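Peer 1: If you scroll down you'll find the structure; I have some questions about it.
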Amino acid sequence: MRFLLDAEQRAFADSLHAMLTAADTPSAVRDWSRGDPTAGRALWSRVAEAGVFGLAVPQEYGGAGLRPVALAVAFVELGRHAVPGPLVETVTATVLLAGTSHAGRFLPGLAAGEAMATVAYDDAYAVDADMATHRFSVTRDGLCLAAGHGPVRPSLDPARRLAPLLSGGELLTARPARPHALRWARLATAAQALGVGLALLDRTVAYVGQRVQFGVPTGSFQAVKHRLADAKIALEFARPLVLGAALTMAPADVAAAKVRACEAAYTAARTALQLHGAIGYTAEYDLSLWLTKARALRTAWGSPDECRAEVLGAG
């Protein structure tokens, strides 16, 4: 079975790619990591203007309706350019709020990019809680608007700032659409990871084409070609799983897509690190922005083991 984007979807991806290429996202990511959200918020507004956050918001609240395929297309580009912020968490919040009596209170602002949200399940740390406008927690009591957040903790990916949410906030609904929202979170994470992996591969191919050893580019070595080919195959095998999951939104399909896309991105990260050599380890080199994100996304919204169990349980 083949999954190909139509002309409108390709144009959407191309427009996002062009916009984000011109936006100097590495500088915005580094500022965000240091706690300066100015450039990141400006980038967030441009992403919202392109309609990305509205892809998970019903039309009556200013969105485009629930369009998971278009959302996956968008998140591939967001991952490709390492856009900072609680991207997946904002989408998850919109899905949790849709259908509740509080949808009109939050969704228009989230769809328009005037607000950003973070979500924590079962007392886990929340991503970018210090930057988000709205902080939601999902516990056995229901969906709550958190009273605040605790201190920011170090993270493997410096651009994913982690903090605990404070209890005692407003209870919004006792029956949130928890499994449904988790599927959207995993789909967005899978697409983002696929974009991260594609960026890592592209940067590594460019690097080995320029780096010279023994008088020739290292990219001409057979062993290097094999590593790049393995990474390319893993990413290309992940792509139809992500798009297929966006079409069905079945729990097992989404879980399988997340496993495959995140593992493919992790393979691309390991390949990139090895082929770049020592320079790949340095935080000053832009490659690190994608390396750390590939590792962090691998366990976000469900570890590989949890997602595999979901797939096996549906068999």
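Please note that chains go A, B, ... in the order of the structure tokens, that every chain numbers its residues from 1, and that ligands are numbered from 1 in the order shown.
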Would you pick out the contacts of segment 28-40 of chain A at 6 Å or less, using only C-alpha atoms, so that residues sharing its chain but fewer than 6 positions from it are not included, and give the list as a list in words?
Peer 2: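 Once the nearby chain positions are removed, what remains is Pro84, Pro158 and Ala159 of chain A.
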Peer 1: Could you take the residues named above and write them with N, CA, C and O atoms, as a tab-separated table (two decimals), in the first residue's frame?
Peer 2:
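Dumped everything to selection29.tsv:
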```
chain	number	residue	atom	x	y	z
A	84	PRO	N	10.90	25.17	18.68
A	84	PRO	CA	10.75	24.97	20.13
A	84	PRO	C	9.33	25.22	20.60
A	84	PRO	O	8.50	25.79	19.88
A	158	PRO	N	17.61	20.43	26.03
A	158	PRO	CA	17.49	21.71	26.74
A	158	PRO	C	16.29	22.54	26.29
A	158	PRO	O	15.80	23.37	27.05
A	159	ALA	N	15.81	22.31	25.06
A	159	ALA	CA	14.67	23.07	24.56
A	159	ALA	C	13.34	22.52	25.07
A	159	ALA	O	12.29	23.12	24.83
```
Peer 1: Out of segment 72-298 of chain A, which residues get strand (DSSP E) from DSSP, as a PDB file with all heavy atoms, in the first residue's frame?
Peer 2:
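Output saved as out-v5.pdb:
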```pdb
ATOM      1  N   ALA A 117      -0.244  25.841  25.368  1.00  0.00           N
ATOM      2  CA  ALA A 117      -0.636  25.006  26.508  1.00  0.00           C
ATOM      3  C   ALA A 117       0.357  23.877  26.711  1.00  0.00           C
ATOM      4  O   ALA A 117       1.028  23.436  25.775  1.00  0.00           O
ATOM      5  CB  ALA A 117      -2.029  24.427  26.281  1.00  0.00           C
ATOM      6  N   THR A 118       0.429  23.425  27.938  1.00  0.00           N
ATOM      7  CA  THR A 118       1.169  22.214  28.231  1.00  0.00           C
ATOM      8  C   THR A 118       0.260  21.283  29.023  1.00  0.00           C
ATOM      9  O   THR A 118      -0.692  21.733  29.677  1.00  0.00           O
ATOM     10  CB  THR A 118       2.465  22.493  29.003  1.00  0.00           C
ATOM     11  OG1 THR A 118       3.262  21.304  29.052  1.00  0.00           O
ATOM     12  CG2 THR A 118       2.191  22.960  30.424  1.00  0.00           C
ATOM     13  N   VAL A 119       0.541  19.997  28.935  1.00  0.00           N
ATOM     14  CA  VAL A 119      -0.296  18.979  29.567  1.00  0.00           C
ATOM     15  C   VAL A 119       0.598  17.948  30.238  1.00  0.00           C
ATOM     16  O   VAL A 119       1.620  17.537  29.666  1.00  0.00           O
ATOM     17  CB  VAL A 119      -1.194  18.263  28.532  1.00  0.00           C
ATOM     18  CG1 VAL A 119      -2.029  17.183  29.206  1.00  0.00           C
ATOM     19  CG2 VAL A 119      -2.093  19.258  27.819  1.00  0.00           C
ATOM     20  N   ALA A 120       0.225  17.546  31.436  1.00  0.00           N
ATOM     21  CA  ALA A 120       0.929  16.472  32.127  1.00  0.00           C
ATOM     22  C   ALA A 120      -0.075  15.395  32.503  1.00  0.00           C
ATOM     23  O   ALA A 120      -1.143  15.703  33.034  1.00  0.00           O
ATOM     24  CB  ALA A 120       1.626  16.996  33.383  1.00  0.00           C
ATOM     25  N   TYR A 121       0.264  14.160  32.195  1.00  0.00           N
ATOM     26  CA  TYR A 121      -0.567  13.014  32.566  1.00  0.00           C
ATOM     27  C   TYR A 121      -0.029  12.392  33.857  1.00  0.00           C
ATOM     28  O   TYR A 121       1.178  12.141  33.977  1.00  0.00           O
ATOM     29  CB  TYR A 121      -0.533  11.963  31.465  1.00  0.00           C
ATOM     30  CG  TYR A 121      -1.592  12.104  30.393  1.00  0.00           C
ATOM     31  CD1 TYR A 121      -1.984  13.352  29.915  1.00  0.00           C
ATOM     32  CD2 TYR A 121      -2.213  10.985  29.852  1.00  0.00           C
ATOM     33  CE1 TYR A 121      -2.935  13.481  28.934  1.00  0.00           C
ATOM     34  CE2 TYR A 121      -3.174  11.089  28.853  1.00  0.00           C
ATOM     35  CZ  TYR A 121      -3.532  12.350  28.402  1.00  0.00           C
ATOM     36  OH  TYR A 121      -4.494  12.468  27.420  1.00  0.00           O
ATOM     37  N   ALA A 126       5.679  18.439  33.167  1.00  0.00           N
ATOM     38  CA  ALA A 126       5.092  19.102  32.003  1.00  0.00           C
ATOM     39  C   ALA A 126       6.192  19.798  31.209  1.00  0.00           C
ATOM     40  O   ALA A 126       7.129  20.369  31.778  1.00  0.00           O
ATOM     41  CB  ALA A 126       4.049  20.122  32.446  1.00  0.00           C
ATOM     42  N   VAL A 127       6.064  19.746  29.894  1.00  0.00           N
ATOM     43  CA  VAL A 127       7.032  20.389  29.005  1.00  0.00           C
ATOM     44  C   VAL A 127       6.735  21.885  28.924  1.00  0.00           C
ATOM     45  O   VAL A 127       5.597  22.289  28.686  1.00  0.00           O
ATOM     46  CB  VAL A 127       6.977  19.763  27.600  1.00  0.00           C
ATOM     47  CG1 VAL A 127       7.885  20.516  26.631  1.00  0.00           C
ATOM     48  CG2 VAL A 127       7.357  18.298  27.657  1.00  0.00           C
ATOM     49  N   HIS A 134      -1.350  28.260  29.407  1.00  0.00           N
ATOM     50  CA  HIS A 134      -2.271  27.398  30.145  1.00  0.00           C
ATOM     51  C   HIS A 134      -1.572  26.093  30.479  1.00  0.00           C
ATOM     52  O   HIS A 134      -0.880  25.523  29.633  1.00  0.00           O
ATOM     53  CB  HIS A 134      -3.524  27.095  29.326  1.00  0.00           C
ATOM     54  CG  HIS A 134      -4.208  28.305  28.769  1.00  0.00           C
ATOM     55  ND1 HIS A 134      -4.612  29.363  29.567  1.00  0.00           N
ATOM     56  CD2 HIS A 134      -4.555  28.630  27.497  1.00  0.00           C
ATOM     57  CE1 HIS A 134      -5.184  30.281  28.807  1.00  0.00           C
ATOM     58  NE2 HIS A 134      -5.157  29.862  27.557  1.00  0.00           N
ATOM     59  N   ARG A 135      -1.776  25.616  31.704  1.00  0.00           N
ATOM     60  CA  ARG A 135      -1.162  24.372  32.157  1.00  0.00           C
ATOM     61  C   ARG A 135      -2.268  23.430  32.629  1.00  0.00           C
ATOM     62  O   ARG A 135      -3.009  23.769  33.547  1.00  0.00           O
ATOM     63  CB  ARG A 135      -0.169  24.651  33.277  1.00  0.00           C
ATOM     64  CG  ARG A 135       0.883  25.696  32.909  1.00  0.00           C
ATOM     65  CD  ARG A 135       1.681  26.182  34.106  1.00  0.00           C
ATOM     66  NE  ARG A 135       2.494  27.328  33.759  1.00  0.00           N
ATOM     67  CZ  ARG A 135       2.078  28.600  33.867  1.00  0.00           C
ATOM     68  NH1 ARG A 135       0.866  28.861  34.345  1.00  0.00           N
ATOM     69  NH2 ARG A 135       2.870  29.585  33.498  1.00  0.00           N
ATOM     70  N   PHE A 136      -2.334  22.268  32.008  1.00  0.00           N
ATOM     71  CA  PHE A 136      -3.387  21.313  32.319  1.00  0.00           C
ATOM     72  C   PHE A 136      -2.774  20.030  32.855  1.00  0.00           C
ATOM     73  O   PHE A 136      -1.725  19.579  32.386  1.00  0.00           O
ATOM     74  CB  PHE A 136      -4.212  20.989  31.068  1.00  0.00           C
ATOM     75  CG  PHE A 136      -4.865  22.190  30.442  1.00  0.00           C
ATOM     76  CD1 PHE A 136      -4.287  22.805  29.338  1.00  0.00           C
ATOM     77  CD2 PHE A 136      -6.045  22.713  30.961  1.00  0.00           C
ATOM     78  CE1 PHE A 136      -4.880  23.916  28.751  1.00  0.00           C
ATOM     79  CE2 PHE A 136      -6.641  23.824  30.382  1.00  0.00           C
ATOM     80  CZ  PHE A 136      -6.059  24.428  29.273  1.00  0.00           C
ATOM     81  N   SER A 137      -3.455  19.428  33.807  1.00  0.00           N
ATOM     82  CA  SER A 137      -3.042  18.131  34.319  1.00  0.00           C
ATOM     83  C   SER A 137      -4.202  17.160  34.172  1.00  0.00           C
ATOM     84  O   SER A 137      -5.364  17.527  34.367  1.00  0.00           O
ATOM     85  CB  SER A 137      -2.611  18.234  35.787  1.00  0.00           C
ATOM     86  OG  SER A 137      -3.681  18.670  36.602  1.00  0.00           O
ATOM     87  N   VAL A 138      -3.868  15.930  33.807  1.00  0.00           N
ATOM     88  CA  VAL A 138      -4.858  14.874  33.667  1.00  0.00           C
ATOM     89  C   VAL A 138      -4.547  13.824  34.723  1.00  0.00           C
ATOM     90  O   VAL A 138      -3.498  13.171  34.678  1.00  0.00           O
ATOM     91  CB  VAL A 138      -4.822  14.248  32.257  1.00  0.00           C
ATOM     92  CG1 VAL A 138      -5.885  13.158  32.140  1.00  0.00           C
ATOM     93  CG2 VAL A 138      -5.049  15.319  31.200  1.00  0.00           C
ATOM     94  N   THR A 139      -5.436  13.678  35.681  1.00  0.00           N
ATOM     95  CA  THR A 139      -5.259  12.723  36.776  1.00  0.00           C
ATOM     96  C   THR A 139      -6.524  11.872  36.892  1.00  0.00           C
ATOM     97  O   THR A 139      -7.446  11.983  36.080  1.00  0.00           O
ATOM     98  CB  THR A 139      -4.997  13.457  38.093  1.00  0.00           C
ATOM     99  OG1 THR A 139      -6.181  14.162  38.474  1.00  0.00           O
ATOM    100  CG2 THR A 139      -3.843  14.447  37.960  1.00  0.00           C
ATOM    101  N   GLY A 142      -9.686  13.916  36.846  1.00  0.00           N
ATOM    102  CA  GLY A 142     -10.156  14.499  35.606  1.00  0.00           C
ATOM    103  C   GLY A 142      -9.147  15.474  35.035  1.00  0.00           C
ATOM    104  O   GLY A 142      -7.944  15.409  35.325  1.00  0.00           O
ATOM    105  N   LEU A 143      -9.635  16.381  34.197  1.00  0.00           N
ATOM    106  CA  LEU A 143      -8.793  17.411  33.576  1.00  0.00           C
ATOM    107  C   LEU A 143      -8.857  18.668  34.432  1.00  0.00           C
ATOM    108  O   LEU A 143      -9.934  19.219  34.663  1.00  0.00           O
ATOM    109  CB  LEU A 143      -9.283  17.698  32.160  1.00  0.00           C
ATOM    110  CG  LEU A 143      -8.588  18.845  31.409  1.00  0.00           C
ATOM    111  CD1 LEU A 143      -7.122  18.518  31.159  1.00  0.00           C
ATOM    112  CD2 LEU A 143      -9.318  19.142  30.104  1.00  0.00           C
ATOM    113  N   CYS A 144      -7.692  19.104  34.883  1.00  0.00           N
ATOM    114  CA  CYS A 144      -7.621  20.268  35.765  1.00  0.00           C
ATOM    115  C   CYS A 144      -6.759  21.356  35.150  1.00  0.00           C
ATOM    116  O   CYS A 144      -5.788  21.077  34.431  1.00  0.00           O
ATOM    117  CB  CYS A 144      -7.028  19.889  37.125  1.00  0.00           C
ATOM    118  SG  CYS A 144      -7.992  18.698  38.062  1.00  0.00           S
ATOM    119  N   LEU A 145      -7.108  22.591  35.426  1.00  0.00           N
ATOM    120  CA  LEU A 145      -6.258  23.727  35.111  1.00  0.00           C
ATOM    121  C   LEU A 145      -5.324  23.918  36.293  1.00  0.00           C
ATOM    122  O   LEU A 145      -5.769  24.256  37.391  1.00  0.00           O
ATOM    123  CB  LEU A 145      -7.099  24.976  34.877  1.00  0.00           C
ATOM    124  CG  LEU A 145      -6.351  26.250  34.484  1.00  0.00           C
ATOM    125  CD1 LEU A 145      -5.676  26.080  33.134  1.00  0.00           C
ATOM    126  CD2 LEU A 145      -7.317  27.439  34.454  1.00  0.00           C
ATOM    127  N   LEU A 162      11.396  21.082  31.581  1.00  0.00           N
ATOM    128  CA  LEU A 162      10.479  20.253  32.358  1.00  0.00           C
ATOM    129  C   LEU A 162      10.235  20.838  33.742  1.00  0.00           C
ATOM    130  O   LEU A 162      11.153  21.333  34.386  1.00  0.00           O
ATOM    131  CB  LEU A 162      11.036  18.834  32.489  1.00  0.00           C
ATOM    132  CG  LEU A 162      11.336  18.092  31.184  1.00  0.00           C
ATOM    133  CD1 LEU A 162      11.927  16.732  31.485  1.00  0.00           C
ATOM    134  CD2 LEU A 162      10.079  17.964  30.339  1.00  0.00           C
ATOM    135  N   ALA A 163       8.985  20.745  34.184  1.00  0.00           N
ATOM    136  CA  ALA A 163       8.636  21.220  35.521  1.00  0.00           C
ATOM    137  C   ALA A 163       7.394  20.487  36.002  1.00  0.00           C
ATOM    138  O   ALA A 163       6.514  20.144  35.200  1.00  0.00           O
ATOM    139  CB  ALA A 163       8.388  22.730  35.513  1.00  0.00           C
ATOM    140  N   GLU A 170      -8.325  24.422  39.117  1.00  0.00           N
ATOM    141  CA  GLU A 170      -9.741  24.302  38.749  1.00  0.00           C
ATOM    142  C   GLU A 170     -10.005  22.988  38.016  1.00  0.00           C
ATOM    143  O   GLU A 170      -9.314  22.654  37.057  1.00  0.00           O
ATOM    144  CB  GLU A 170     -10.119  25.485  37.846  1.00  0.00           C
ATOM    145  CG  GLU A 170     -11.541  25.459  37.343  1.00  0.00           C
ATOM    146  CD  GLU A 170     -11.828  26.573  36.348  1.00  0.00           C
ATOM    147  OE1 GLU A 170     -10.899  27.379  36.084  1.00  0.00           O
ATOM    148  OE2 GLU A 170     -12.950  26.636  35.837  1.00  0.00           O
ATOM    149  N   LEU A 171     -11.006  22.257  38.459  1.00  0.00           N
ATOM    150  CA  LEU A 171     -11.411  21.038  37.763  1.00  0.00           C
ATOM    151  C   LEU A 171     -12.290  21.429  36.582  1.00  0.00           C
ATOM    152  O   LEU A 171     -13.353  22.021  36.751  1.00  0.00           O
ATOM    153  CB  LEU A 171     -12.175  20.111  38.706  1.00  0.00           C
ATOM    154  CG  LEU A 171     -12.696  18.808  38.095  1.00  0.00           C
ATOM    155  CD1 LEU A 171     -11.545  17.923  37.621  1.00  0.00           C
ATOM    156  CD2 LEU A 171     -13.570  18.060  39.092  1.00  0.00           C
ATOM    157  N   LEU A 172     -11.861  21.074  35.363  1.00  0.00           N
ATOM    158  CA  LEU A 172     -12.594  21.443  34.159  1.00  0.00           C
ATOM    159  C   LEU A 172     -13.593  20.377  33.742  1.00  0.00           C
ATOM    160  O   LEU A 172     -14.690  20.693  33.308  1.00  0.00           O
ATOM    161  CB  LEU A 172     -11.606  21.708  33.013  1.00  0.00           C
ATOM    162  CG  LEU A 172     -10.581  22.819  33.266  1.00  0.00           C
ATOM    163  CD1 LEU A 172      -9.639  22.938  32.083  1.00  0.00           C
ATOM    164  CD2 LEU A 172     -11.278  24.148  33.523  1.00  0.00           C
ATOM    165  N   THR A 173     -13.202  19.126  33.837  1.00  0.00           N
ATOM    166  CA  THR A 173     -14.116  18.031  33.521  1.00  0.00           C
ATOM    167  C   THR A 173     -13.633  16.771  34.216  1.00  0.00           C
ATOM    168  O   THR A 173     -12.425  16.525  34.302  1.00  0.00           O
ATOM    169  CB  THR A 173     -14.232  17.779  32.013  1.00  0.00           C
ATOM    170  OG1 THR A 173     -15.076  16.646  31.778  1.00  0.00           O
ATOM    171  CG2 THR A 173     -12.877  17.521  31.384  1.00  0.00           C
ATOM    172  N   VAL A 212      36.899  15.805   4.279  1.00  0.00           N
ATOM    173  CA  VAL A 212      37.863  15.073   3.457  1.00  0.00           C
ATOM    174  C   VAL A 212      38.834  14.308   4.342  1.00  0.00           C
ATOM    175  O   VAL A 212      39.376  14.845   5.325  1.00  0.00           O
ATOM    176  CB  VAL A 212      38.641  16.039   2.539  1.00  0.00           C
ATOM    177  CG1 VAL A 212      39.746  15.299   1.778  1.00  0.00           C
ATOM    178  CG2 VAL A 212      37.694  16.719   1.563  1.00  0.00           C
ATOM    179  N   GLN A 213      39.047  13.044   4.016  1.00  0.00           N
ATOM    180  CA  GLN A 213      40.088  12.213   4.632  1.00  0.00           C
ATOM    181  C   GLN A 213      40.800  11.441   3.525  1.00  0.00           C
ATOM    182  O   GLN A 213      40.143  10.955   2.587  1.00  0.00           O
ATOM    183  CB  GLN A 213      39.485  11.240   5.645  1.00  0.00           C
ATOM    184  CG  GLN A 213      39.048  11.889   6.953  1.00  0.00           C
ATOM    185  CD  GLN A 213      38.576  10.861   7.973  1.00  0.00           C
ATOM    186  OE1 GLN A 213      38.336   9.707   7.651  1.00  0.00           O
ATOM    187  NE2 GLN A 213      38.448  11.278   9.223  1.00  0.00           N
ATOM    188  N   VAL A 216      39.928  12.393  -0.105  1.00  0.00           N
ATOM    189  CA  VAL A 216      38.608  12.213  -0.721  1.00  0.00           C
ATOM    190  C   VAL A 216      37.532  12.496   0.326  1.00  0.00           C
ATOM    191  O   VAL A 216      37.776  12.376   1.533  1.00  0.00           O
ATOM    192  CB  VAL A 216      38.424  10.775  -1.277  1.00  0.00           C
ATOM    193  CG1 VAL A 216      39.408  10.509  -2.404  1.00  0.00           C
ATOM    194  CG2 VAL A 216      38.576   9.747  -0.161  1.00  0.00           C
ATOM    195  N   PRO A 217      36.314  12.857  -0.112  1.00  0.00           N
ATOM    196  CA  PRO A 217      35.228  13.065   0.861  1.00  0.00           C
ATOM    197  C   PRO A 217      34.908  11.773   1.603  1.00  0.00           C
ATOM    198  O   PRO A 217      34.902  10.687   1.010  1.00  0.00           O
ATOM    199  CB  PRO A 217      34.047  13.493  -0.022  1.00  0.00           C
ATOM    200  CG  PRO A 217      34.663  13.994  -1.280  1.00  0.00           C
ATOM    201  CD  PRO A 217      35.899  13.174  -1.484  1.00  0.00           C
TER     202      PRO A 217
END
```
Peer 1: Determine the nearest neighbour of Tyr207 of chain A from the options A:Ala272, A:Ala231, A:Leu241, A:Leu312, counting only C-alpha atoms.
Peer 2: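 Ranking A:Ala272, A:Ala231, A:Leu241, A:Leu312 by distance to Tyr207 of chain A, first place goes to A:Ala272.
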Peer 1: Select, from A:Ala265, A:Asp157, A:Glu89, A:Ser101, the residue with the minimum atom-to-atom distance to Ala132 of chain A, counting only C-alpha atoms.
Peer 2: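 The answer is A:Glu89, which sits nearest to Ala132 of chain A.
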Peer 1: Need the shell around segment 283-299 of chain A: protein/DNA/RNA residues with any atom at most 6 Å away, counting only C-alpha atoms. Skip same-chain ones fewer than 3 positions apart. Format as a list in words?
Peer 2: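 Near segment 283-299 of chain A, the qualifying residues are Asp157, Cys262, Ala265, Tyr266, Ala269, Gly302 and Ser303 of chain A.
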Peer 1: Find the nearest atom pair between each residue of segment 5-59 of chain A and segment 104-112 of chain A for residues within 7 Å, count only C-alpha atoms, give distances in Å to one decimal, sort rows by chain and ascending number, and present the table as a tab-separated table.
Peer 2:
```
residue	atom	partner	partner_atom	distance
A:Ala48	CA	A:Ala112	CA	5.7
A:Glu49	CA	A:Ala112	CA	6.9
A:Phe53	CA	A:Ala111	CA	5.0
A:Gly54	CA	A:Ala111	CA	4.6
A:Val57	CA	A:Ala111	CA	6.6
```
Peer 1: Please dump the current selection as a PDB file, in the first residue's frame; keep all heavy atoms.
Peer 2:
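Writing done, so here's part.pdb:
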```
ATOM      1  N   ALA A  48       1.174  29.383  13.955  1.00  0.00           N
ATOM      2  CA  ALA A  48      -0.277  29.447  14.136  1.00  0.00           C
ATOM      3  C   ALA A  48      -0.947  30.120  12.948  1.00  0.00           C
ATOM      4  O   ALA A  48      -2.025  29.690  12.502  1.00  0.00           O
ATOM      5  CB  ALA A  48      -0.601  30.198  15.425  1.00  0.00           C
ATOM      6  N   GLU A  49      -0.337  31.174  12.425  1.00  0.00           N
ATOM      7  CA  GLU A  49      -0.900  31.869  11.259  1.00  0.00           C
ATOM      8  C   GLU A  49      -0.975  30.945  10.051  1.00  0.00           C
ATOM      9  O   GLU A  49      -1.860  31.101   9.195  1.00  0.00           O
ATOM     10  CB  GLU A  49      -0.061  33.100  10.929  1.00  0.00           C
ATOM     11  CG  GLU A  49      -0.216  34.240  11.919  1.00  0.00           C
ATOM     12  CD  GLU A  49       0.761  35.365  11.663  1.00  0.00           C
ATOM     13  OE1 GLU A  49       1.502  35.295  10.647  1.00  0.00           O
ATOM     14  OE2 GLU A  49       0.793  36.320  12.458  1.00  0.00           O
ATOM     15  N   PHE A  53      -2.076  24.878  14.421  1.00  0.00           N
ATOM     16  CA  PHE A  53      -2.778  24.506  15.657  1.00  0.00           C
ATOM     17  C   PHE A  53      -4.282  24.359  15.434  1.00  0.00           C
ATOM     18  O   PHE A  53      -4.958  23.646  16.185  1.00  0.00           O
ATOM     19  CB  PHE A  53      -2.484  25.530  16.753  1.00  0.00           C
ATOM     20  CG  PHE A  53      -1.029  25.635  17.084  1.00  0.00           C
ATOM     21  CD1 PHE A  53      -0.348  26.831  16.939  1.00  0.00           C
ATOM     22  CD2 PHE A  53      -0.318  24.519  17.496  1.00  0.00           C
ATOM     23  CE1 PHE A  53       1.000  26.925  17.220  1.00  0.00           C
ATOM     24  CE2 PHE A  53       1.040  24.598  17.771  1.00  0.00           C
ATOM     25  CZ  PHE A  53       1.703  25.807  17.628  1.00  0.00           C
ATOM     26  N   GLY A  54      -4.792  25.001  14.404  1.00  0.00           N
ATOM     27  CA  GLY A  54      -6.205  24.860  14.096  1.00  0.00           C
ATOM     28  C   GLY A  54      -6.574  23.508  13.520  1.00  0.00           C
ATOM     29  O   GLY A  54      -7.763  23.181  13.405  1.00  0.00           O
ATOM     30  N   VAL A  57      -8.577  21.652  16.102  1.00  0.00           N
ATOM     31  CA  VAL A  57      -9.598  22.462  16.763  1.00  0.00           C
ATOM     32  C   VAL A  57     -10.855  22.481  15.894  1.00  0.00           C
ATOM     33  O   VAL A  57     -10.773  22.750  14.687  1.00  0.00           O
ATOM     34  CB  VAL A  57      -9.101  23.907  16.990  1.00  0.00           C
ATOM     35  CG1 VAL A  57     -10.212  24.781  17.562  1.00  0.00           C
ATOM     36  CG2 VAL A  57      -7.898  23.916  17.930  1.00  0.00           C
TER      37      VAL A  57
END
```
Peer 1: For segment 20-97 of chain A against segment 183-195 of chain A, with a cut-off of 12 Å and counting only C-alpha atoms, what is the closest atom pair and its distance in Å to one decimal for every residue that makes the cut, ordered by chain and number, as a tab-separated table?
Peer 2:
```
residue	atom	partner	partner_atom	distance
A:Val52	CA	A:Ala188	CA	11.4
A:Phe53	CA	A:Ala188	CA	11.3
A:Leu55	CA	A:Trp184	CA	11.1
A:Ala56	CA	A:Trp184	CA	8.7
A:Val57	CA	A:Trp184	CA	11.9
A:Leu66	CA	A:Trp184	CA	10.1
A:Arg67	CA	A:Trp184	CA	10.5
A:Pro68	CA	A:Trp184	CA	7.7
A:Val69	CA	A:Leu187	CA	9.5
A:Ala70	CA	A:Ala188	CA	10.5
A:Leu71	CA	A:Ala188	CA	7.2
A:Ala72	CA	A:Ala191	CA	5.3
A:Val73	CA	A:Ala191	CA	7.3
A:Ala74	CA	A:Ala191	CA	8.1
A:Phe75	CA	A:Gln192	CA	4.9
A:Val76	CA	A:Gly195	CA	4.2
A:Glu77	CA	A:Gly195	CA	5.8
A:Leu78	CA	A:Gln192	CA	6.3
A:Gly79	CA	A:Gln192	CA	4.2
A:Arg80	CA	A:Gly195	CA	4.1
A:His81	CA	A:Gly195	CA	7.7
A:Ala82	CA	A:Gly195	CA	8.5
A:Val83	CA	A:Gln192	CA	9.7
A:Pro84	CA	A:Gln192	CA	11.4
A:Pro86	CA	A:Thr189	CA	11.1
A:Leu87	CA	A:Ala188	CA	8.5
A:Val88	CA	A:Ala185	CA	5.8
A:Glu89	CA	A:Ala185	CA	7.1
A:Thr90	CA	A:Ala185	CA	9.2
A:Val91	CA	A:Ala185	CA	7.1
A:Thr92	CA	A:Ala185	CA	5.5
A:Ala93	CA	A:Ala185	CA	9.3
A:Thr94	CA	A:Trp184	CA	10.0
A:Val95	CA	A:Trp184	CA	7.7
A:Leu96	CA	A:Trp184	CA	9.9
```
Peer 1: Once you have the residues from the selection above, write them out as an mmCIF file, in the first residue's frame, restricted to C-alpha atoms.
Peer 2:
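Result saved to selection-v5.cif:
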```cif
data_model
loop_
_atom_site.group_PDB
_atom_site.id
_atom_site.type_symbol
_atom_site.label_atom_id
_atom_site.label_comp_id
_atom_site.auth_asym_id
_atom_site.auth_seq_id
_atom_site.Cartn_x
_atom_site.Cartn_y
_atom_site.Cartn_z
ATOM 1 C CA VAL A 52 -1.100 24.378 12.243
ATOM 2 C CA PHE A 53 -2.778 24.506 15.657
ATOM 3 C CA LEU A 55 -5.826 21.377 12.601
ATOM 4 C CA ALA A 56 -6.931 19.874 15.917
ATOM 5 C CA VAL A 57 -9.598 22.462 16.763
ATOM 6 C CA LEU A 66 -9.907 17.579 13.219
ATOM 7 C CA ARG A 67 -7.474 16.880 10.369
ATOM 8 C CA PRO A 68 -4.862 14.380 11.565
ATOM 9 C CA VAL A 69 -3.194 13.837 8.168
ATOM 10 C CA ALA A 70 -2.572 17.543 7.688
ATOM 11 C CA LEU A 71 -1.378 17.742 11.293
ATOM 12 C CA ALA A 72 1.122 14.946 10.665
ATOM 13 C CA VAL A 73 2.386 16.738 7.551
ATOM 14 C CA ALA A 74 2.861 19.918 9.573
ATOM 15 C CA PHE A 75 4.622 18.239 12.470
ATOM 16 C CA VAL A 76 7.136 16.597 10.161
ATOM 17 C CA GLU A 77 8.213 20.108 9.155
ATOM 18 C CA LEU A 78 8.183 21.360 12.757
ATOM 19 C CA GLY A 79 10.499 18.489 13.669
ATOM 20 C CA ARG A 80 12.672 19.030 10.599
ATOM 21 C CA HIS A 81 13.321 22.582 11.774
ATOM 22 C CA ALA A 82 13.466 21.833 15.534
ATOM 23 C CA VAL A 83 10.792 24.423 16.350
ATOM 24 C CA PRO A 84 10.745 24.967 20.129
ATOM 25 C CA PRO A 86 5.043 22.713 23.730
ATOM 26 C CA LEU A 87 3.830 21.829 20.242
ATOM 27 C CA VAL A 88 2.528 18.335 20.935
ATOM 28 C CA GLU A 89 1.169 19.409 24.305
ATOM 29 C CA THR A 90 -0.860 22.260 22.797
ATOM 30 C CA VAL A 91 -2.448 19.860 20.309
ATOM 31 C CA THR A 92 -3.164 17.427 23.141
ATOM 32 C CA ALA A 93 -4.815 20.175 25.167
ATOM 33 C CA THR A 94 -7.090 21.161 22.280
ATOM 34 C CA VAL A 95 -8.259 17.565 21.893
ATOM 35 C CA LEU A 96 -8.884 17.247 25.636
#
```
Peer 1: So what do you get for atom CA of Tyr61 of chain A versus atom CA of Gln9 of chain A, distance-wise?
Peer 2: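 Answer for the atom CA of Tyr61 of chain A to atom CA of Gln9 of chain A separation: 22.8 Å.
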Peer 1: From the set A:Val242, A:Thr204, A:Gly313, A:Gly280, which residue has the shortest atom-to-atom contact distance to Ala268 of chain A, counting only C-alpha atoms?
Peer 2: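 Of the candidates, the smallest distance to Ala268 of chain A is held by A:Thr204.
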Peer 1: What is the atom CA of Ala23 of chain A-atom CA of Leu200 of chain A distance in Å, reported with one decimal?
Peer 2: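 Answer for the atom CA of Ala23 of chain A to atom CA of Leu200 of chain A separation: 18.4 Å.
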Peer 1: Measuring between only C-alpha atoms, which one of A:Ala238, A:Leu20, A:Val254, A:Ala229 shows the shortest distance to Arg46 of chain A?
Peer 2: A:Leu20
